[in-house]
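Visitor: Data file input_19.txt (compact mmCIF, C-alpha atoms) is appended below.
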# COMPACT_ATOMS: atom_id res chain seq x y z
CA MET T 139 26.97 -13.67 -4.50
CA TRP T 140 24.71 -14.44 -7.45
CA SER T 141 23.16 -11.43 -9.16
CA SER T 142 20.37 -13.57 -10.62
CA LYS T 143 19.02 -17.10 -10.40
CA ASP T 144 16.53 -19.19 -12.34
CA VAL T 145 13.85 -20.72 -10.12
CA TYR T 146 11.47 -23.53 -11.04
CA TYR T 147 8.42 -24.72 -9.11
CA ILE T 148 7.52 -28.32 -9.93
CA SER T 149 4.55 -30.28 -8.67
CA ASP T 150 2.35 -33.28 -9.40
CA SER T 151 -0.63 -31.05 -8.51
CA THR T 152 -1.38 -27.37 -9.00
CA GLY T 153 2.06 -26.13 -7.95
CA ILE T 154 0.67 -23.53 -5.57
CA LEU T 155 2.32 -25.00 -2.48
CA ALA T 156 5.70 -25.31 -4.22
CA THR T 157 5.41 -21.73 -5.48
CA ASN T 158 4.35 -20.31 -2.13
CA LEU T 159 7.14 -22.15 -0.34
CA GLY T 160 9.79 -21.06 -2.81
CA GLN T 161 8.67 -17.45 -2.95
CA ALA T 162 8.47 -17.23 0.83
CA LEU T 163 12.13 -18.21 0.93
CA ILE T 164 13.62 -16.31 -2.01
CA CYS T 165 11.94 -13.04 -1.01
CA GLN T 166 14.48 -12.92 1.82
CA PHE T 167 17.15 -12.17 -0.81
CA PRO T 168 15.96 -8.91 -2.42
CA GLU T 169 19.38 -8.13 -3.85
CA ILE T 170 19.12 -11.12 -6.21
CA ASN T 171 16.95 -11.14 -9.34
CA PHE T 172 14.95 -14.35 -9.66
CA HIS T 173 13.50 -15.62 -12.93
CA GLU T 174 10.62 -17.95 -12.08
CA GLU T 175 8.69 -20.65 -13.96
CA LYS T 176 6.12 -23.17 -12.78
CA PHE T 177 5.45 -26.72 -13.98
CA PRO T 178 2.29 -28.17 -12.42
CA PHE T 179 0.81 -31.65 -12.89
CA VAL T 180 4.05 -33.47 -13.62
CA LEU T 181 2.66 -37.00 -13.47
CA ASN T 182 5.17 -39.30 -15.18
CA ILE T 183 8.89 -39.84 -15.57
CA GLU T 184 8.93 -39.00 -19.29
CA GLU T 185 7.41 -35.59 -18.69
CA ALA T 186 9.80 -35.00 -15.79
CA LYS T 187 12.81 -35.74 -18.00
CA LYS T 188 11.58 -33.33 -20.68
CA ILE T 189 11.19 -30.59 -18.08
CA LEU T 190 14.63 -31.23 -16.62
CA ASN T 191 16.20 -31.05 -20.08
CA TYR T 192 14.41 -27.75 -20.68
CA ILE T 193 15.67 -26.41 -17.34
CA LEU T 194 19.26 -27.47 -17.95
CA LYS T 195 19.27 -26.01 -21.46
CA LYS T 196 17.76 -22.71 -20.40
CA SER T 197 19.85 -22.27 -17.28
CA ALA T 198 23.09 -23.14 -19.09
CA GLY T 199 25.07 -24.47 -16.13
CA ARG T 200 24.03 -21.71 -13.72
CA ARG T 201 22.71 -24.21 -11.12
CA PRO T 202 19.01 -23.25 -11.09
CA LEU T 203 16.85 -23.70 -8.01
CA ILE T 204 14.03 -26.26 -8.08
CA PHE T 205 11.31 -26.28 -5.44
CA SER T 206 9.45 -29.56 -5.67
CA THR T 207 6.32 -30.97 -4.06
CA ILE T 208 6.24 -34.15 -6.11
CA MET T 209 5.11 -37.14 -4.08
CA THR T 210 6.17 -40.07 -6.30
CA LYS T 211 9.79 -40.96 -5.55
CA GLU T 212 10.62 -42.12 -9.07
CA ILE T 213 9.45 -38.85 -10.61
CA ARG T 214 11.06 -36.82 -7.86
CA ALA T 215 14.38 -38.57 -8.42
CA VAL T 216 14.55 -37.22 -11.99
CA PHE T 217 15.12 -33.72 -10.63
CA ASP T 218 17.74 -34.81 -8.12
CA ALA T 219 20.48 -33.97 -10.61
CA PRO T 220 23.93 -32.55 -9.86
CA GLU T 221 23.38 -29.59 -12.21
CA VAL T 222 20.54 -28.17 -10.13
CA GLU T 223 19.82 -27.23 -6.52
CA LEU T 224 16.77 -29.28 -5.50
CA PHE T 225 14.63 -28.25 -2.55
CA ASP T 226 12.36 -31.23 -2.02
CA ALA T 227 9.57 -30.31 0.40
CA PHE T 228 8.02 -33.75 0.70
CA GLU T 229 11.25 -35.68 1.06
CA PHE T 230 12.34 -33.34 3.85
CA PHE T 231 9.07 -33.11 5.75
CA MET T 232 7.46 -36.47 5.01
CA THR T 233 10.38 -38.61 6.15
CA ARG T 234 10.55 -36.76 9.44
CA LEU T 235 6.76 -36.81 9.85
CA GLU T 236 6.61 -40.55 9.29
CA GLY T 237 9.16 -40.95 12.05
CA CYS T 238 7.26 -38.70 14.44
CA LEU T 239 3.96 -40.43 13.78
CA GLU T 240 5.45 -43.91 13.56
CA ALA T 241 3.34 -44.48 10.48
CA LYS T 242 3.79 -44.74 6.73
CA ALA T 243 2.45 -41.95 4.52
CA LEU T 244 0.00 -42.80 1.74
CA GLY T 245 2.27 -41.35 -0.92
CA VAL T 246 -0.69 -40.46 -3.15
CA PRO T 247 -0.13 -37.42 -5.41
CA GLY T 248 -2.64 -34.62 -4.95
CA PHE T 249 -4.64 -36.64 -2.42
CA SER T 250 -6.47 -33.68 -0.90
CA ARG T 251 -7.80 -32.70 -4.32
CA HIS T 252 -10.06 -35.73 -4.15
CA ILE T 253 -12.69 -33.99 -2.10
CA ASP T 254 -16.29 -35.11 -1.81
CA ASN T 255 -19.17 -33.68 -3.79
CA LEU T 256 -20.62 -31.94 -0.73
CA THR T 257 -17.43 -29.94 -0.19
CA MET T 258 -17.33 -29.01 -3.85
CA ALA T 259 -20.98 -27.92 -3.78
CA LYS T 260 -20.35 -25.70 -0.75
CA ARG T 261 -17.36 -24.09 -2.44
CA VAL T 262 -19.30 -23.36 -5.62
CA GLU T 263 -22.20 -21.98 -3.58
CA ALA T 264 -19.86 -19.64 -1.68
CA ILE T 265 -18.32 -18.35 -4.91
CA HIS T 266 -21.72 -17.69 -6.47
CA PHE T 267 -22.86 -15.90 -3.32
CA CYS T 268 -19.74 -13.71 -3.33
CA LEU T 269 -20.23 -12.68 -6.96
CA GLU T 270 -23.93 -12.00 -6.46
CA HIS T 271 -23.36 -9.87 -3.35
CA ASP T 272 -20.45 -7.71 -4.42
CA ASP T 273 -20.48 -3.95 -3.91
CA GLY T 274 -23.81 -3.78 -2.06
CA VAL T 275 -25.86 -5.88 -4.47
CA ASN T 276 -28.80 -7.99 -3.19
CA MET T 277 -28.78 -6.50 0.28
CA HIS T 278 -32.00 -8.29 1.14
CA GLU T 279 -30.09 -11.59 1.19
CA LEU T 280 -27.43 -10.62 3.75
CA ASP T 281 -29.00 -12.95 6.32
CA GLU T 282 -27.29 -15.77 4.41
CA ALA T 283 -23.82 -14.20 4.53
CA GLU T 284 -21.11 -15.55 6.82
CA VAL T 285 -18.98 -12.45 6.35
CA ILE T 286 -19.97 -8.90 5.43
CA LEU T 287 -17.08 -6.58 4.56
CA LEU T 288 -17.57 -2.84 4.90
CA GLY T 289 -15.29 -0.02 3.84
CA VAL T 290 -14.77 3.04 1.71
CA SER T 291 -14.08 2.73 -1.99
CA ARG T 292 -10.79 0.93 -2.81
CA SER T 293 -10.18 -0.31 0.73
CA GLY T 294 -9.84 -3.91 -0.46
CA LYS T 295 -13.36 -5.28 0.03
CA THR T 296 -13.82 -7.19 -3.23
CA PRO T 297 -10.46 -9.05 -3.41
CA VAL T 298 -10.75 -10.12 0.23
CA SER T 299 -14.35 -11.18 -0.31
CA VAL T 300 -13.36 -13.27 -3.33
CA TYR T 301 -10.50 -14.89 -1.40
CA LEU T 302 -12.80 -15.80 1.50
CA ALA T 303 -15.15 -17.50 -0.95
CA THR T 304 -12.71 -19.23 -3.26
CA GLN T 305 -10.05 -20.27 -0.74
CA MET T 306 -11.95 -20.58 2.54
CA GLY T 307 -15.41 -21.53 1.31
CA MET T 308 -17.19 -18.69 3.11
CA LYS T 309 -20.26 -16.87 1.86
CA SER T 310 -18.92 -13.35 1.73
CA ALA T 311 -20.66 -10.09 0.81
CA ASN T 312 -19.31 -6.57 0.75
CA PHE T 313 -20.80 -3.12 0.99
CA PRO T 314 -19.22 0.24 0.02
CA LEU T 315 -19.54 3.20 2.36
CA THR T 316 -20.42 5.84 -0.20
CA SER T 317 -20.82 9.57 0.46
CA GLU T 318 -24.52 9.26 1.36
CA TYR T 319 -23.65 7.02 4.32
CA LEU T 320 -20.44 8.80 5.27
CA LYS T 321 -22.12 12.22 5.42
CA GLU T 322 -24.79 10.97 7.79
CA TYR T 323 -22.62 8.49 9.69
CA LEU T 324 -25.13 5.79 8.82
CA LEU T 325 -25.29 2.12 7.89
CA PRO T 326 -28.13 0.44 6.02
CA GLU T 327 -30.64 -1.39 8.18
CA GLU T 328 -29.68 -4.69 6.54
CA ILE T 329 -26.09 -4.22 7.75
CA ILE T 330 -27.10 -3.23 11.28
CA LYS T 331 -29.34 -6.29 11.55
CA ASN T 332 -26.40 -8.52 10.60
CA LYS T 333 -23.56 -6.55 12.20
CA LYS T 334 -22.35 -9.56 14.19
CA ARG T 335 -21.03 -10.87 10.88
CA ALA T 336 -19.65 -7.54 9.70
CA ILE T 337 -16.03 -6.41 9.56
CA GLY T 338 -14.87 -2.92 8.76
CA LEU T 339 -11.86 -2.68 6.46
CA THR T 340 -9.64 0.35 6.80
CA THR T 341 -6.27 1.52 5.51
CA THR T 342 -4.01 4.55 5.67
CA PRO T 343 -4.67 7.79 3.76
CA GLU T 344 -1.37 7.34 1.92
CA VAL T 345 -2.19 3.85 0.70
CA LEU T 346 -5.73 4.79 -0.29
CA HIS T 347 -4.49 7.90 -2.10
CA ASN T 348 -1.99 5.86 -4.10
CA VAL T 349 -4.59 3.28 -5.09
CA ARG T 350 -7.18 5.87 -6.13
CA GLU T 351 -4.63 8.05 -7.90
CA LYS T 352 -3.75 5.22 -10.26
CA ARG T 353 -7.37 4.97 -11.36
CA TYR T 354 -8.52 8.60 -11.15
CA ALA T 355 -5.43 10.78 -11.22
CA ASP T 356 -5.69 14.36 -9.90
CA SER T 357 -9.34 13.89 -8.86
CA ASN T 358 -10.95 15.07 -5.64
CA TYR T 359 -11.77 11.41 -5.05
CA ALA T 360 -8.05 10.60 -4.93
CA LYS T 361 -6.90 13.57 -2.84
CA ARG T 362 -5.10 12.63 0.36
CA SER T 363 -7.41 14.93 2.35
CA THR T 364 -10.48 13.19 0.93
CA CYS T 365 -9.02 9.78 1.70
CA SER T 366 -8.16 10.81 5.25
CA GLU T 367 -11.61 12.23 5.91
CA GLU T 368 -13.40 9.17 4.52
CA ILE T 369 -11.24 6.76 6.52
CA GLN T 370 -11.81 8.66 9.76
CA THR T 371 -15.56 8.81 9.17
CA ALA T 372 -15.77 5.13 8.30
CA GLU T 373 -13.83 4.15 11.42
CA THR T 374 -16.14 6.30 13.55
CA ILE T 375 -19.13 4.48 12.04
CA PHE T 376 -17.54 1.12 12.82
CA HIS T 377 -16.85 2.16 16.40
CA ASN T 378 -20.38 3.49 16.84
CA HIS T 379 -21.81 0.13 15.85
CA GLN T 380 -19.12 -1.93 17.63
CA ILE T 381 -17.98 -3.49 14.36
CA PRO T 382 -14.43 -4.94 14.43
CA ILE T 383 -11.89 -3.18 12.24
CA VAL T 384 -9.15 -4.82 10.17
CA SER T 385 -6.49 -2.74 8.46
CA THR T 386 -5.53 -3.76 4.93
CA ALA T 387 -2.46 -1.50 4.74
CA GLY T 388 0.73 -3.39 4.00
CA LYS T 389 -0.92 -6.80 4.21
CA SER T 390 -1.51 -9.54 1.67
CA ILE T 391 -5.03 -10.65 0.82
CA GLU T 392 -4.31 -13.93 2.60
CA GLU T 393 -3.34 -12.11 5.79
CA ILE T 394 -6.41 -9.89 5.70
CA ALA T 395 -8.78 -12.81 5.04
CA THR T 396 -7.26 -14.80 7.88
CA GLN T 397 -7.60 -11.89 10.29
CA VAL T 398 -11.20 -11.33 9.20
CA SER T 399 -12.10 -14.96 9.83
CA GLN T 400 -10.39 -14.86 13.22
CA GLU T 401 -12.21 -11.70 14.26
CA LEU T 402 -15.54 -13.36 13.48
CA GLY T 403 -14.59 -16.70 15.01
CA LEU T 404 -14.78 -18.39 11.62
CA SER T 405 -11.24 -19.75 11.47
CA ARG T 406 -11.35 -23.17 9.96
CA LYS T 407 -9.26 -25.69 8.14
CA PRO T 408 -9.18 -24.56 4.50
CA THR T 409 -11.04 -26.74 2.02
CA SER T 410 -9.57 -25.39 -1.18
CA LEU T 411 -8.80 -27.69 -4.06
CA ASN T 412 -5.15 -26.69 -4.01
CA GLU T 413 -4.34 -27.80 -0.46
CA ARG T 414 -1.92 -30.46 -1.71
CA SER T 415 -0.02 -28.62 -4.36
So, in terms of structure tokens, how does the structure I just supplied come out?
Guide:
Amino acid sequence: MWSSKDVYYISDSTGILATNLGQALICQFPEINFHEEKFPFVLNIEEAKKILNYILKKSAGRRPLIFSTIMTKEIRAVFDAPEVELFDAFEFFMTRLEGCLEAKALGVPGFSRHIDNLTMAKRVEAIHFCLEHDDGVNMHELDEAEVILLGVSRSGKTPVSVYLATQMGMKSANFPLTSEYLKEYLLPEEIIKNKKRAIGLTTTPEVLHNVREKRYADSNYAKRSTCSEEIQTAETIFHNHQIPIVSTAGKSIEEIATQVSQELGLSRKPTSLNERS
């Protein structure tokens, strides 16, 4: 068994798909150390050859892994070398898909990045809205929000909100349940009026304690008892107002965002610029 392996993600677009695919696979081998590098926007044979030479020199005959999502066959062929282990996503899936559909694929690199101006405008608008409605700011504009995330401090509201905006094109706002609301078991009127678009984020006392402890060590704010009490109170508030609850404990931002959108019936085909990576 290998103790370590070099891994390279190569794409004619952003490289996100190649990276996600490779990492989803290699994480199943925790006993092996992986050294990873990414090469996005590989658009010609000359550049591909330079990258392959770099890989071969750096890996020194240790048969590195290459995860590729390059569409152009000629460029892709450069990396099909005996000194490396090539995992070619498009060659594997596209050939089979063409057979299933009885049709020929376009074969255009990064095709889904060529989105229309309207889609781009909506994405930019969602991002601006998210930034302008973070942490309870501009509450009077919540009528425009598609998603309103609620939760105690450090429960994951902002990163999930940003992901919903940047990757799913949703106008997302978030509101922190501070002590003034927790003590009285209250929600602002603006939230109650728009609660059909609200989701309560929760977590475990252990996770919340660990997150807060890193920022404010040995503080009352970070105590496990404080975390437990705040979480219980927040969940009671959510139940009182019949607001769906999504736990962030042990989940990736992508998982949480997907569950949030499903709870609100907002699941949709993503429109991000990195769809074809």
Visitor: Given only C-alpha atoms, how would the per-residue table for region 208-281 of chain T near region 183-196 of chain T read, listing every residue at most 12 Å away with its closest atom pair and distance in Å to one decimal, sorted by chain and number, as a Markdown table?
Guide:
| residue | atom | partner | partner_atom | distance |
| --- | --- | --- | --- | --- |
| T:Ile208 | CA | T:Ala186 | CA | 10.3 |
| T:Thr210 | CA | T:Ile183 | CA | 9.7 |
| T:Lys211 | CA | T:Ile183 | CA | 10.1 |
| T:Glu212 | CA | T:Ile183 | CA | 7.1 |
| T:Ile213 | CA | T:Ile183 | CA | 5.1 |
| T:Arg214 | CA | T:Ala186 | CA | 8.2 |
| T:Ala215 | CA | T:Ile183 | CA | 9.1 |
| T:Val216 | CA | T:Lys187 | CA | 6.4 |
| T:Phe217 | CA | T:Leu190 | CA | 6.5 |
| T:Asp218 | CA | T:Leu190 | CA | 9.7 |
| T:Ala219 | CA | T:Leu190 | CA | 8.8 |
| T:Pro220 | CA | T:Leu194 | CA | 10.6 |
| T:Glu221 | CA | T:Leu194 | CA | 7.4 |
| T:Val222 | CA | T:Leu194 | CA | 8.0 |
| T:Glu223 | CA | T:Leu194 | CA | 11.4 |
| T:Leu224 | CA | T:Leu190 | CA | 11.5 |
Visitor: Would you compute the distance between CA of Leu280 (chain T) and CA of Cys268 (chain T)? Give it in Å to one decimal.
Guide: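 A separation of 10.9 Å between them.
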Visitor: Would you mind reading off the distance between CA of Ala156 (chain T) and CA of Glu393 (chain T), one decimal, in Å?
Guide: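 CA of Glu393 (chain T) lies 18.9 Å from CA of Ala156 (chain T).
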Visitor: Using only C-alpha atoms, determine which residues lie at most 12 Å from Thr374 (chain T), disregarding the query and same-chain residues fewer than 6 positions distant; provide the list as number ranges by chain.
Guide: T: 289, 319-325, 338, 340, 367-368, 380-383
Visitor: Just want the 8 Å neighbourhood of Ser385 (chain T), counted on all atoms listed in the file, with same-chain residues fewer than 4 positions away dropped. Output as a list of chain:residue names.
Guide: T:Leu339, T:Thr340, T:Thr341, T:Ile394
Visitor: Write out, as a CSV table (one decimal), keeping the file's coordinate frame, the residues just selected, with C-alpha atoms.
Guide:
chain,number,residue,atom,x,y,z
T,339,LEU,CA,-11.9,-2.7,6.5
T,340,THR,CA,-9.6,0.4,6.8
T,341,THR,CA,-6.3,1.5,5.5
T,394,ILE,CA,-6.4,-9.9,5.7
Visitor: With a distance cut-off of 9 Å and only C-alpha atoms, select the neighbouring residues of Asp281 (chain T), excluding the residue or stretch itself and same-chain residues fewer than 2 positions from it, and output the selection as a ChimeraX atom specification.
Guide: /T:277-279,283-284,328,331-332
Visitor: Keeping C-alpha atoms, export the residues of the selection given above as a PDB file, in the frame of the given file.
Guide:
ATOM      1  CA  MET T 277     -28.780  -6.500   0.280  1.00  0.00           C
ATOM      2  CA  HIS T 278     -32.000  -8.290   1.140  1.00  0.00           C
ATOM      3  CA  GLU T 279     -30.090 -11.590   1.190  1.00  0.00           C
ATOM      4  CA  ALA T 283     -23.820 -14.200   4.530  1.00  0.00           C
ATOM      5  CA  GLU T 284     -21.110 -15.550   6.820  1.00  0.00           C
ATOM      6  CA  GLU T 328     -29.680  -4.690   6.540  1.00  0.00           C
ATOM      7  CA  LYS T 331     -29.340  -6.290  11.550  1.00  0.00           C
ATOM      8  CA  ASN T 332     -26.400  -8.520  10.600  1.00  0.00           C
TER       9      ASN T 332
END
Visitor: By how many Å are CA of Ser151 (chain T) and CA of Arg234 (chain T) apart?
Guide: 21.9 Å
Visitor: Hey, which of T:His377, T:Arg292, T:Val384, T:Asp272 ends up closest to Thr396 (chain T)? Count all atoms listed in the file.
Guide: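 Between T:His377, T:Arg292, T:Val384, T:Asp272, the residue approaching Thr396 (chain T) most closely is T:Val384.
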Visitor: Looking at all atoms listed in the file, which of T:Leu404, T:Ala355, T:Ala395, T:Ala162 is the one that sits closest to Leu287 (chain T)?
Guide: T:Ala395
Visitor: Set the distance at 7 Å and use only C-alpha atoms: which residues neighbour Tyr147 (chain T) once local chain neighbours fewer than 3 positions away are removed? I'd like the list as a list of chain:residue names.
Guide: T:Gly153, T:Ala156, T:Thr157, T:Glu175, T:Lys176, T:Phe177, T:Ile204, T:Phe205, T:Ser206
Visitor: So that I can see what lies close to Thr342 (chain T), please list as an mmCIF file with C-alpha atoms, in the frame of the given file the residues with an atom at most 8 Å from it, counting all atoms listed in the file and leaving out residues fewer than 4 positions away in the same chain.
Guide:
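Writing done, so here's out_18.cif:
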data_model
loop_
_atom_site.group_PDB
_atom_site.id
_atom_site.type_symbol
_atom_site.label_atom_id
_atom_site.label_comp_id
_atom_site.auth_asym_id
_atom_site.auth_seq_id
_atom_site.Cartn_x
_atom_site.Cartn_y
_atom_site.Cartn_z
ATOM 1 C CA LEU T 346 -5.730 4.790 -0.290
ATOM 2 C CA SER T 366 -8.160 10.810 5.250
ATOM 3 C CA ILE T 369 -11.240 6.760 6.520
ATOM 4 C CA ALA T 387 -2.460 -1.500 4.740
#
